[in-house]
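A.B. asks: Structure supplied as final-v5.txt; contents: compact mmCIF, C-alpha atoms.
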# COMPACT_ATOMS: atom_id res chain seq x y z
CA MET A 18 80.43 94.67 159.02
CA ALA A 19 77.86 97.12 160.33
CA THR A 20 74.60 95.87 161.77
CA LEU A 21 71.28 97.61 161.15
CA PRO A 22 71.22 99.17 164.68
CA GLN A 23 74.68 100.66 164.09
CA MET A 24 73.62 102.14 160.75
CA ALA A 25 70.45 103.57 162.30
CA ALA A 26 72.45 105.17 165.13
CA THR A 27 74.76 106.82 162.58
CA LYS A 28 71.73 108.20 160.73
CA GLU A 29 70.31 109.61 163.97
CA ARG A 30 73.60 111.38 164.77
CA GLN A 31 73.69 112.90 161.29
CA GLU A 32 70.12 114.19 161.62
CA ALA A 33 70.82 115.60 165.08
CA ALA A 34 73.79 117.52 163.66
CA ASN A 35 71.60 118.92 160.83
CA PRO A 36 68.16 119.48 162.38
CA THR A 37 66.99 121.77 159.58
CA THR A 38 67.34 119.05 156.95
CA THR A 39 64.35 117.07 158.19
CA THR A 40 60.74 118.09 158.64
CA ARG A 41 59.30 114.65 159.24
CA THR A 42 57.36 113.72 162.33
CA LEU A 43 57.00 110.36 163.99
CA VAL A 44 53.63 108.74 163.25
CA GLU A 45 54.18 105.18 164.54
CA SER A 46 56.85 103.21 166.35
CA VAL A 47 57.55 99.76 167.70
CA THR A 48 59.89 99.97 170.68
CA ASN A 49 63.50 99.13 169.75
CA TRP A 50 62.53 97.99 166.26
CA ILE A 51 60.95 100.47 163.89
CA ARG A 52 59.98 104.14 163.51
CA VAL A 53 57.59 105.32 160.80
CA TYR A 54 57.57 108.99 159.82
CA SER A 55 55.10 111.34 158.16
CA ASP A 56 57.13 111.52 154.94
CA GLY A 57 56.86 107.75 154.52
CA SER A 58 60.43 107.04 155.58
CA VAL A 59 61.15 104.22 158.01
CA ASP A 60 64.02 103.66 160.45
CA ARG A 61 64.70 100.02 161.29
CA LEU A 62 66.62 99.51 164.51
CA GLY A 63 66.97 96.52 166.82
CA PRO A 64 67.66 95.98 170.52
CA PRO A 65 71.26 95.28 171.55
CA GLU A 66 70.44 91.67 172.45
CA ALA A 67 69.39 91.04 168.84
CA ALA A 68 72.47 92.59 167.20
CA ALA A 69 74.32 89.28 166.73
CA PHE A 70 71.36 87.85 164.84
CA MET A 71 71.09 90.86 162.50
CA VAL A 72 74.58 90.72 160.99
CA LEU A 73 74.41 90.51 157.20
CA VAL A 74 76.34 87.41 156.09
CA PRO A 75 78.02 87.88 152.69
CA PRO A 76 77.73 85.15 150.04
CA TYR A 77 80.63 82.76 149.44
CA ASP A 78 81.72 80.43 146.63
CA ASP A 79 84.14 78.35 148.67
CA PRO A 80 82.27 75.54 150.48
CA ARG A 81 81.78 75.83 154.22
CA ASP A 82 80.40 72.78 155.99
CA GLY A 83 79.05 71.42 152.73
CA VAL A 84 77.32 74.58 151.48
CA THR A 85 78.00 77.56 149.21
CA VAL A 86 75.91 80.74 149.35
CA HIS A 87 75.01 82.96 146.38
CA ASP A 88 72.91 86.08 145.82
CA VAL A 89 70.97 86.27 142.56
CA ALA A 90 68.87 89.07 141.07
CA THR A 91 66.17 87.16 139.23
CA ASP A 92 64.41 88.25 136.06
CA HIS A 93 61.07 88.30 137.91
CA GLY A 94 61.77 91.40 140.00
CA VAL A 95 62.80 89.60 143.18
CA ASP A 96 66.22 88.82 144.65
CA VAL A 97 67.05 85.44 146.16
CA ARG A 98 69.80 83.92 148.25
CA LEU A 99 70.79 80.38 147.28
CA TYR A 100 72.14 77.81 149.75
CA LEU A 101 73.58 75.07 147.53
CA THR A 102 74.85 71.77 148.87
CA THR A 103 78.16 70.55 147.50
CA THR A 104 77.59 66.78 147.61
CA THR A 105 77.07 64.99 144.30
CA PRO A 106 74.59 62.14 144.79
CA ALA A 107 73.40 60.06 141.84
CA GLY A 108 69.84 61.39 141.75
CA ARG A 109 68.14 64.74 141.77
CA ARG A 110 67.02 66.19 145.09
CA PRO A 111 64.24 68.47 146.39
CA VAL A 112 64.36 72.27 146.51
CA LEU A 113 63.12 74.42 149.39
CA VAL A 114 61.84 77.96 148.86
CA HIS A 115 62.26 79.94 152.08
CA PHE A 116 60.43 83.01 153.36
CA HIS A 117 62.05 84.81 156.28
CA GLY A 118 60.20 86.21 159.27
CA GLY A 119 60.20 89.65 160.85
CA GLY A 120 56.50 90.47 161.18
CA PHE A 121 56.46 91.49 157.48
CA CYS A 122 58.25 94.68 158.58
CA LEU A 123 61.79 93.64 159.47
CA SER A 124 64.56 91.24 158.60
CA HIS A 125 66.55 90.14 155.57
CA ALA A 126 67.35 86.79 154.02
CA ALA A 127 71.06 87.44 154.63
CA TRP A 128 70.75 87.89 158.41
CA SER A 129 72.90 85.56 160.47
CA LEU A 130 69.67 84.56 162.24
CA TYR A 131 68.68 82.60 159.13
CA HIS A 132 72.11 81.77 157.75
CA ARG A 133 73.15 79.75 160.80
CA PHE A 134 70.02 77.59 160.59
CA TYR A 135 69.34 77.26 156.87
CA ALA A 136 72.92 76.59 155.76
CA ARG A 137 72.89 73.60 158.12
CA LEU A 138 69.34 72.60 157.21
CA ALA A 139 70.25 72.30 153.52
CA VAL A 140 72.84 69.68 154.45
CA GLU A 141 70.67 67.96 157.07
CA LEU A 142 67.80 67.53 154.61
CA ASP A 143 70.13 66.61 151.73
CA VAL A 144 68.33 68.95 149.34
CA ALA A 145 69.74 70.39 146.12
CA GLY A 146 69.41 73.82 147.62
CA ILE A 147 67.35 76.38 149.49
CA VAL A 148 66.08 79.46 147.67
CA SER A 149 65.63 82.19 150.28
CA VAL A 150 63.54 85.09 148.99
CA VAL A 151 64.47 88.69 149.81
CA LEU A 152 61.04 90.00 150.75
CA PRO A 153 59.71 93.56 150.39
CA LEU A 154 59.03 95.05 153.82
CA ALA A 155 56.01 96.86 155.21
CA PRO A 156 54.84 99.51 155.81
CA GLU A 157 56.48 100.76 152.59
CA HIS A 158 55.32 97.58 150.85
CA ARG A 159 52.19 96.29 152.53
CA LEU A 160 50.62 92.91 151.91
CA PRO A 161 50.10 91.40 149.39
CA ALA A 162 53.57 92.66 148.28
CA ALA A 163 55.42 89.85 150.09
CA ILE A 164 52.96 87.28 148.68
CA ASP A 165 53.60 88.68 145.20
CA ALA A 166 57.35 88.34 145.77
CA GLY A 167 57.00 84.74 146.93
CA HIS A 168 54.94 83.86 143.86
CA ALA A 169 57.45 85.67 141.61
CA ALA A 170 60.21 83.48 143.06
CA LEU A 171 58.22 80.39 142.04
CA LEU A 172 57.78 81.74 138.53
CA TRP A 173 61.53 82.34 138.36
CA LEU A 174 62.18 78.78 139.56
CA ARG A 175 59.79 77.54 136.85
CA ASP A 176 61.81 79.39 134.21
CA VAL A 177 65.04 78.00 135.64
CA ALA A 178 63.63 74.49 135.35
CA CYS A 179 62.61 75.20 131.74
CA GLY A 180 65.99 76.72 130.90
CA THR A 181 64.37 79.99 129.81
CA SER A 182 65.50 82.25 132.67
CA ASP A 183 68.03 84.96 131.83
CA THR A 184 69.84 83.99 135.04
CA ILE A 185 70.62 80.46 133.86
CA ALA A 186 74.14 81.58 132.93
CA HIS A 187 74.87 82.32 136.60
CA HIS A 188 77.06 79.46 137.77
CA ALA A 189 75.03 78.95 140.95
CA VAL A 190 71.71 78.88 139.08
CA GLU A 191 73.14 76.34 136.66
CA ARG A 192 74.25 74.18 139.59
CA LEU A 193 70.78 74.36 141.09
CA ARG A 194 69.15 73.41 137.79
CA ASP A 195 71.47 70.42 137.33
CA ALA A 196 70.82 69.05 140.84
CA ALA A 197 67.16 69.85 141.50
CA ASP A 198 64.11 67.62 141.34
CA PHE A 199 61.62 70.32 140.34
CA SER A 200 58.70 67.99 140.98
CA ARG A 201 59.53 68.22 144.69
CA VAL A 202 59.55 71.91 145.61
CA PHE A 203 58.70 72.71 149.22
CA LEU A 204 57.82 76.08 150.73
CA ILE A 205 59.21 76.79 154.20
CA GLY A 206 58.96 79.90 156.37
CA ASP A 207 59.60 81.23 159.85
CA SER A 208 56.99 83.26 161.77
CA ALA A 209 55.54 85.74 159.26
CA GLY A 210 57.29 83.67 156.61
CA GLY A 211 55.18 80.72 157.72
CA VAL A 212 52.07 82.78 157.01
CA LEU A 213 53.50 83.44 153.55
CA VAL A 214 53.87 79.69 152.98
CA HIS A 215 50.10 79.40 153.18
CA ASN A 216 49.37 82.50 151.12
CA VAL A 217 51.90 81.75 148.37
CA ALA A 218 50.69 78.14 148.15
CA ALA A 219 47.11 79.40 147.91
CA ARG A 220 48.08 81.84 145.13
CA ALA A 221 49.75 79.02 143.21
CA GLY A 222 46.82 76.69 143.87
CA GLU A 223 44.34 79.23 142.53
CA ALA A 224 46.39 79.69 139.34
CA GLY A 225 46.45 75.95 138.66
CA ALA A 226 49.31 73.46 138.39
CA GLU A 227 49.95 74.25 134.72
CA ALA A 228 51.01 77.81 135.58
CA LEU A 229 54.10 76.48 137.39
CA ASP A 230 54.77 73.45 135.19
CA PRO A 231 57.24 71.71 135.32
CA ILE A 232 57.74 72.54 139.00
CA ARG A 233 55.32 71.08 141.52
CA LEU A 234 54.66 72.19 145.08
CA ALA A 235 55.09 69.02 147.09
CA GLY A 236 54.52 70.52 150.54
CA GLY A 237 54.66 73.49 152.85
CA VAL A 238 56.43 73.82 156.21
CA LEU A 239 55.13 76.54 158.54
CA LEU A 240 57.63 77.06 161.36
CA HIS A 241 55.86 78.88 164.20
CA PRO A 242 53.69 80.79 161.69
CA GLY A 243 52.80 84.35 162.67
CA PHE A 244 49.03 84.06 162.40
CA ILE A 245 46.97 86.11 164.84
CA LEU A 246 43.43 85.48 166.03
CA PRO A 247 40.66 88.11 165.80
CA GLU A 248 40.89 88.57 169.57
CA LYS A 249 43.85 88.09 171.90
CA SER A 250 44.10 84.46 173.01
CA PRO A 251 45.41 82.97 176.28
CA SER A 252 48.79 82.11 174.74
CA GLU A 253 49.22 85.68 173.49
CA LEU A 254 48.41 87.09 176.93
CA GLU A 255 50.15 84.52 179.13
CA ASN A 256 53.27 83.23 177.35
CA PRO A 257 56.52 85.13 177.95
CA PRO A 258 57.88 87.61 175.39
CA THR A 259 61.20 87.08 173.58
CA PRO A 260 63.70 89.56 172.10
CA PHE A 261 61.87 89.14 168.79
CA MET A 262 58.26 89.01 169.99
CA THR A 263 56.35 91.08 172.52
CA GLN A 264 52.75 92.17 172.95
CA GLU A 265 53.65 95.36 171.12
CA THR A 266 55.27 93.67 168.12
CA VAL A 267 52.27 91.34 167.75
CA ASP A 268 49.82 94.24 167.93
CA LYS A 269 51.65 96.67 165.66
CA PHE A 270 53.60 94.76 163.02
CA VAL A 271 50.56 93.04 161.55
CA MET A 272 48.57 96.26 161.37
CA LEU A 273 51.53 97.99 159.68
CA ALA A 274 51.67 95.14 157.16
CA LEU A 275 47.99 94.72 156.28
CA PRO A 276 46.47 96.86 153.49
CA VAL A 277 45.87 100.52 154.28
CA GLY A 278 42.50 101.00 155.95
CA THR A 279 42.46 97.61 157.67
CA THR A 280 41.05 98.00 161.18
CA SER A 281 40.50 94.39 162.23
CA ARG A 282 42.89 91.57 163.09
CA ASP A 283 40.47 89.18 161.32
CA HIS A 284 42.04 89.47 157.86
CA PRO A 285 42.43 86.55 155.43
CA TYR A 286 46.14 87.26 154.98
CA THR A 287 46.96 86.73 158.65
CA SER A 288 44.01 85.30 160.59
CA PRO A 289 44.10 81.47 160.48
CA ALA A 290 40.44 80.57 159.97
CA ALA A 291 39.93 83.42 157.50
CA ALA A 292 43.07 82.41 155.59
CA VAL A 293 41.87 78.82 155.24
CA THR A 294 38.37 79.92 154.21
CA ALA A 295 39.85 82.18 151.53
CA ALA A 296 41.84 79.25 150.15
CA GLU A 297 39.02 76.68 150.15
CA GLY A 298 38.89 76.60 146.37
CA ALA A 299 42.67 76.31 145.95
CA GLN A 300 44.58 73.07 145.55
CA LEU A 301 46.96 73.24 148.51
CA PRO A 302 49.91 70.90 149.03
CA PRO A 303 50.24 68.98 152.32
CA MET A 304 51.27 71.25 155.18
CA LEU A 305 53.44 70.67 158.25
CA VAL A 306 52.81 73.15 161.08
CA MET A 307 55.46 73.38 163.80
CA VAL A 308 54.27 74.95 167.07
CA ALA A 309 56.16 75.89 170.26
CA GLU A 310 54.53 75.38 173.64
CA GLU A 311 55.47 78.84 174.99
CA ASP A 312 54.94 80.73 171.74
CA MET A 313 52.70 83.76 172.20
CA LEU A 314 51.03 82.79 168.91
CA ARG A 315 50.58 79.10 169.81
CA ASP A 316 46.78 79.26 169.90
CA ALA A 317 46.59 80.84 166.44
CA GLN A 318 48.97 78.24 165.04
CA VAL A 319 46.93 75.38 166.46
CA GLU A 320 43.76 77.00 165.10
CA TYR A 321 45.32 77.08 161.62
CA GLY A 322 45.96 73.33 161.74
CA GLU A 323 42.43 72.67 162.99
CA ALA A 324 40.89 74.94 160.33
CA MET A 325 42.87 73.17 157.61
CA ALA A 326 41.66 69.79 158.85
CA ARG A 327 38.05 71.00 158.95
CA ALA A 328 38.42 72.17 155.34
CA GLY A 329 39.63 68.72 154.30
CA LYS A 330 43.21 69.88 153.60
CA ALA A 331 46.21 67.67 154.32
CA VAL A 332 47.91 68.99 157.45
CA GLU A 333 50.07 67.76 160.32
CA THR A 334 50.67 69.78 163.48
CA VAL A 335 53.67 69.06 165.72
CA VAL A 336 54.15 70.83 169.07
CA SER A 337 57.57 71.35 170.66
CA HIS A 338 57.14 71.09 174.44
CA GLY A 339 59.34 72.44 177.19
CA ARG A 340 60.04 75.38 179.44
CA GLY A 341 61.53 78.25 177.45
CA ILE A 342 60.51 76.77 174.09
CA GLY A 343 59.07 79.91 172.55
CA HIS A 344 58.69 81.63 169.21
CA VAL A 345 61.38 80.59 166.67
CA PHE A 346 63.57 79.25 169.48
CA TYR A 347 65.44 77.09 166.95
CA LEU A 348 66.93 80.21 165.31
CA ASN A 349 68.50 81.33 168.61
CA TRP A 350 71.77 79.45 168.35
CA PHE A 351 72.93 80.74 171.72
CA ALA A 352 70.04 78.95 173.42
CA VAL A 353 70.28 75.84 171.25
CA GLU A 354 74.01 75.48 171.93
CA SER A 355 73.78 76.10 175.67
CA HIS A 356 70.48 74.57 176.86
CA PRO A 357 69.89 70.81 176.57
CA VAL A 358 66.09 71.17 176.28
CA ALA A 359 66.34 73.73 173.48
CA ALA A 360 68.93 71.59 171.72
CA ALA A 361 66.72 68.49 171.96
CA ARG A 362 63.62 70.32 170.71
CA ALA A 363 65.59 71.89 167.83
CA ARG A 364 66.83 68.43 166.86
CA GLU A 365 63.28 67.11 166.91
CA LEU A 366 62.09 70.03 164.79
CA VAL A 367 64.70 69.35 162.11
CA ASP A 368 63.89 65.63 162.21
CA ALA A 369 60.18 66.38 161.74
CA VAL A 370 60.91 68.60 158.74
CA LYS A 371 63.22 65.98 157.24
CA SER A 372 60.62 63.24 157.70
CA PHE A 373 57.98 65.43 156.03
CA VAL A 374 60.21 66.25 153.04
CA ASP A 375 61.39 62.65 152.65
CA SER A 376 57.81 61.36 152.60
CA HIS A 377 56.37 63.79 150.02
Take the structure in this file and express it as structure tokens.

C.D. replies:
Amino acid sequence: MATLPQMAATKERQEAANPTTTTRTLVESVTNWIRVYSDGSVDRLGPPEAAAFMVLVPPYDDPRDGVTVHDVATDHGVDVRLYLTTTTPAGRRPVLVHFHGGGFCLSHAAWSLYHRFYARLAVELDVAGIVSVVLPLAPEHRLPAAIDAGHAALLWLRDVACGTSDTIAHHAVERLRDAADFSRVFLIGDSAGGVLVHNVAARAGEAGAEALDPIRLAGGVLLHPGFILPEKSPSELENPPTPFMTQETVDKFVMLALPVGTTSRDHPYTSPAAAVTAAEGAQLPPMLVMVAEEDMLRDAQVEYGEAMARAGKAVETVVSHGRGIGHVFYLNWFAVESHPVAAARARELVDAVKSFVDSH
């Protein structure tokens, strides 16, 4: 199966062979990741060291390690990937709604980067399933497009719970409906997806609980959320880059994702204090914020937890300590499987998420 870098390379060869077919010019780029052109088209690439994480994993009906995986086109204009557990306990179990990362500009819910972690997490947490939302990507679809998609997924889940969704005939959706405790729906997201956890919860909180009835947001889990501060912080300047995060990706992805005309990093979609201030009137569920010691965005993540506490919102912040424990380290299965410290911190992260879900 072709990876995104391989497909992009094929496209480049085709354009080189037919130079007269394109008149576009490059207007923005993020090294190794993305090129934006004057005609609005976008090439998404990826460095060689990230290729293994960018493989698109196909869905499967036959259980693997206690999980089946299904892709569903909902009747609310958003596609989702379902991770359904195959155990049959006596009672109903929680549901997680997942938002993937990628700086709002990259990534897909079907990437192996997420599949390897979330297929296992569904079993570890003993949930009915995980609903992973296929998010619209910037700059073609700037914020609030991804927030809209996250909220649309909740509306679809509401209709599934009510039995009114057109997708209820899908065998996987029926399984989810039969197993789920819709009063215990949790939002969870990695990096930029963690930022969406806050924004989607705020959107739902502003609309009021009755808009989602009978589902209830019981909590939100922000895994290394991709908030940025108005000015560069010490962690952003001093912590080491990773294959998925550099000074350039931090600087450029957010500005490509924010509404056209935005000139400041201090935006309520992505700046922690501004985001919390914007949501002061919303009824937010309890939040768990997971932070990594060597994450370039550590200071912004800590600031989010502190701003939530100052606003009187229920929040818990947990920091994963250790050398090499950087942004979304837990998704890097090579590191987790080969380095004892990374393995121990990943285990602690999963345990913290499980404890949070079990207690809400």

A.B. asks: Do you have the atom CA of Val345 of chain A-atom CA of Met325 of chain A distance handy?

C.D. replies: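 Atom-to-atom, atom CA of Val345 of chain A to atom CA of Met325 of chain A, that is 21.9 Å.
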
A.B. asks: Counting only C-alpha atoms, which of A:Pro80, A:Gly236, A:Gly206, A:Gly341 gets nearest to Asp375 of chain A?

C.D. replies: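 Looking at the shortest contact to Asp375 of chain A, the residue is A:Gly236.
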
A.B. asks: Enter the distance from atom CA of Lys330 of chain A to atom CA of Arg315 of chain A, in Å, rounded to one decimal.

C.D. replies: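 Value for the atom CA of Lys330 of chain A-atom CA of Arg315 of chain A distance: 20.1 Å.
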
A.B. asks: With only C-alpha atoms as the atoms that count, which of A:Val358, A:Val97, A:Leu229, A:Ala295 lies nearest to Cys179 of chain A?

C.D. replies: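 For Cys179 of chain A, the nearest of the candidates is A:Leu229.
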
A.B. asks: Extract, using all atoms listed in the file, all DNA, RNA and protein residues at most 8 Å from Leu204 of chain A, discarding same-chain residues fewer than 4 positions from it, and format them as a PDB file with C-alpha atoms, keeping the file's coordinate frame.

C.D. replies:
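Produced file selection08.pdb, reproduced below:
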ATOM      1  CA  LEU A 113      63.120  74.420 149.390  1.00  0.00           C
ATOM      2  CA  VAL A 114      61.840  77.960 148.860  1.00  0.00           C
ATOM      3  CA  HIS A 115      62.260  79.940 152.080  1.00  0.00           C
ATOM      4  CA  PHE A 116      60.430  83.010 153.360  1.00  0.00           C
ATOM      5  CA  VAL A 214      53.870  79.690 152.980  1.00  0.00           C
ATOM      6  CA  ALA A 218      50.690  78.140 148.150  1.00  0.00           C
ATOM      7  CA  LEU A 234      54.660  72.190 145.080  1.00  0.00           C
ATOM      8  CA  GLY A 236      54.520  70.520 150.540  1.00  0.00           C
ATOM      9  CA  GLY A 237      54.660  73.490 152.850  1.00  0.00           C
ATOM     10  CA  VAL A 238      56.430  73.820 156.210  1.00  0.00           C
TER      11      VAL A 238
END

A.B. asks: Counting only C-alpha atoms, note down every residue that has an atom within 12 Å of the point (52.5, 80.2, 154.8) (file coordinates), as an MDAnalysis selection string.

C.D. replies: chainID A and resid 114:118 163:164 167:168 203:221 236:244 285:289 292:293 296 301:307 318 321:322

A.B. asks: Rounded to one decimal, what separation in Å do you get between atom CA of Gly298 of chain A and atom CA of Glu248 of chain A?

C.D. replies: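 One can read the atom CA of Gly298 of chain A to atom CA of Glu248 of chain A distance as 26.2 Å.
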
A.B. asks: Using only C-alpha atoms for the distances, tell me which of A:Phe270, A:Pro257, A:Ala331, A:Asp96 is nearest to Glu310 of chain A.

C.D. replies: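 Selected residue with least distance to Glu310 of chain A: A:Pro257.
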
A.B. asks: Do a neighbour search on Gly180 of chain A at 10 Å with all atoms listed in the file, toss out local chain neighbours closer than 6 positions, and write the hits as a VMD selection string.

C.D. replies: chain A and resid 174 186 191 194

A.B. asks: Using all atoms listed in the file, can you tell me which of A:Asp79, A:Asp316, A:Asp183, A:Glu157 comes closest to Leu275 of chain A?

C.D. replies: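 Nearest candidate to Leu275 of chain A out of A:Asp79, A:Asp316, A:Asp183, A:Glu157: A:Glu157.
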
A.B. asks: Of the candidates A:Pro231, A:Thr259, A:Thr266, A:Thr91, which shows the shortest atom-to-atom distance to Ser182 of chain A, using all atoms listed in the file?

C.D. replies: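 Smallest separation from Ser182 of chain A among the options: A:Thr91.
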
A.B. asks: Rank nothing, just name the residue among A:Leu348, A:Met262, A:Ile245, A:Ala228 nearest to Leu130 of chain A, using all atoms listed in the file.

C.D. replies: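 Ranked by minimum distance to Leu130 of chain A, first place goes to A:Leu348.
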
A.B. asks: Extract, using all atoms listed in the file, all DNA, RNA and protein residues at most 6 Å from segment 276-283 of chain A, discarding same-chain residues fewer than 3 positions from it, and format them as a list in words.

C.D. replies: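 What passes the distance filter is Arg159, Leu160, Pro247 and Ser288 of chain A.
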
A.B. asks: Output the selection as an mmCIF file, keeping the file's coordinate frame - C-alpha atoms for each residue.

C.D. replies:
data_model
loop_
_atom_site.group_PDB
_atom_site.id
_atom_site.type_symbol
_atom_site.label_atom_id
_atom_site.label_comp_id
_atom_site.auth_asym_id
_atom_site.auth_seq_id
_atom_site.Cartn_x
_atom_site.Cartn_y
_atom_site.Cartn_z
ATOM 1 C CA ARG A 159 52.190 96.290 152.530
ATOM 2 C CA LEU A 160 50.620 92.910 151.910
ATOM 3 C CA PRO A 247 40.660 88.110 165.800
ATOM 4 C CA SER A 288 44.010 85.300 160.590
#

A.B. asks: Take segment 291-303 of chain A, bring it up to N, CA, C and O atoms, and give me the output as a compact mmCIF listing (two decimals), keeping the file's coordinate frame.

C.D. replies:
# COMPACT_ATOMS: atom_id res chain seq x y z
N ALA A 291 40.25 82.63 158.69
CA ALA A 291 39.93 83.42 157.50
C ALA A 291 40.86 83.06 156.34
O ALA A 291 40.43 83.02 155.18
N ALA A 292 42.12 82.78 156.64
CA ALA A 292 43.07 82.41 155.59
C ALA A 292 42.67 81.09 154.94
O ALA A 292 42.73 80.94 153.72
N VAL A 293 42.27 80.12 155.77
CA VAL A 293 41.87 78.82 155.24
C VAL A 293 40.59 78.94 154.44
O VAL A 293 40.45 78.36 153.35
N THR A 294 39.63 79.72 154.94
CA THR A 294 38.37 79.92 154.21
C THR A 294 38.64 80.54 152.84
O THR A 294 38.05 80.13 151.83
N ALA A 295 39.54 81.51 152.80
CA ALA A 295 39.85 82.18 151.53
C ALA A 295 40.49 81.24 150.53
O ALA A 295 40.41 81.46 149.32
N ALA A 296 41.13 80.19 151.04
CA ALA A 296 41.84 79.25 150.15
C ALA A 296 41.07 77.96 149.91
O ALA A 296 41.63 76.99 149.38
N GLU A 297 39.79 77.93 150.27
CA GLU A 297 39.02 76.68 150.15
C GLU A 297 38.98 76.16 148.73
O GLU A 297 38.98 74.95 148.49
N GLY A 298 38.97 77.05 147.75
CA GLY A 298 38.89 76.60 146.37
C GLY A 298 40.24 76.31 145.74
O GLY A 298 40.31 75.88 144.59
N ALA A 299 41.33 76.52 146.49
CA ALA A 299 42.67 76.31 145.95
C ALA A 299 43.16 74.90 146.25
O ALA A 299 42.83 74.32 147.29
N GLN A 300 43.95 74.36 145.34
CA GLN A 300 44.58 73.07 145.55
C GLN A 300 45.85 73.29 146.35
O GLN A 300 46.86 73.72 145.80
N LEU A 301 45.80 73.02 147.65
CA LEU A 301 46.96 73.24 148.51
C LEU A 301 47.77 71.96 148.65
O LEU A 301 47.21 70.86 148.73
N PRO A 302 49.09 72.07 148.75
CA PRO A 302 49.91 70.90 149.03
C PRO A 302 49.78 70.51 150.50
O PRO A 302 49.26 71.29 151.31
N PRO A 303 50.23 69.34 150.90
CA PRO A 303 50.24 68.98 152.32
C PRO A 303 51.06 69.98 153.12
O PRO A 303 52.08 70.49 152.64
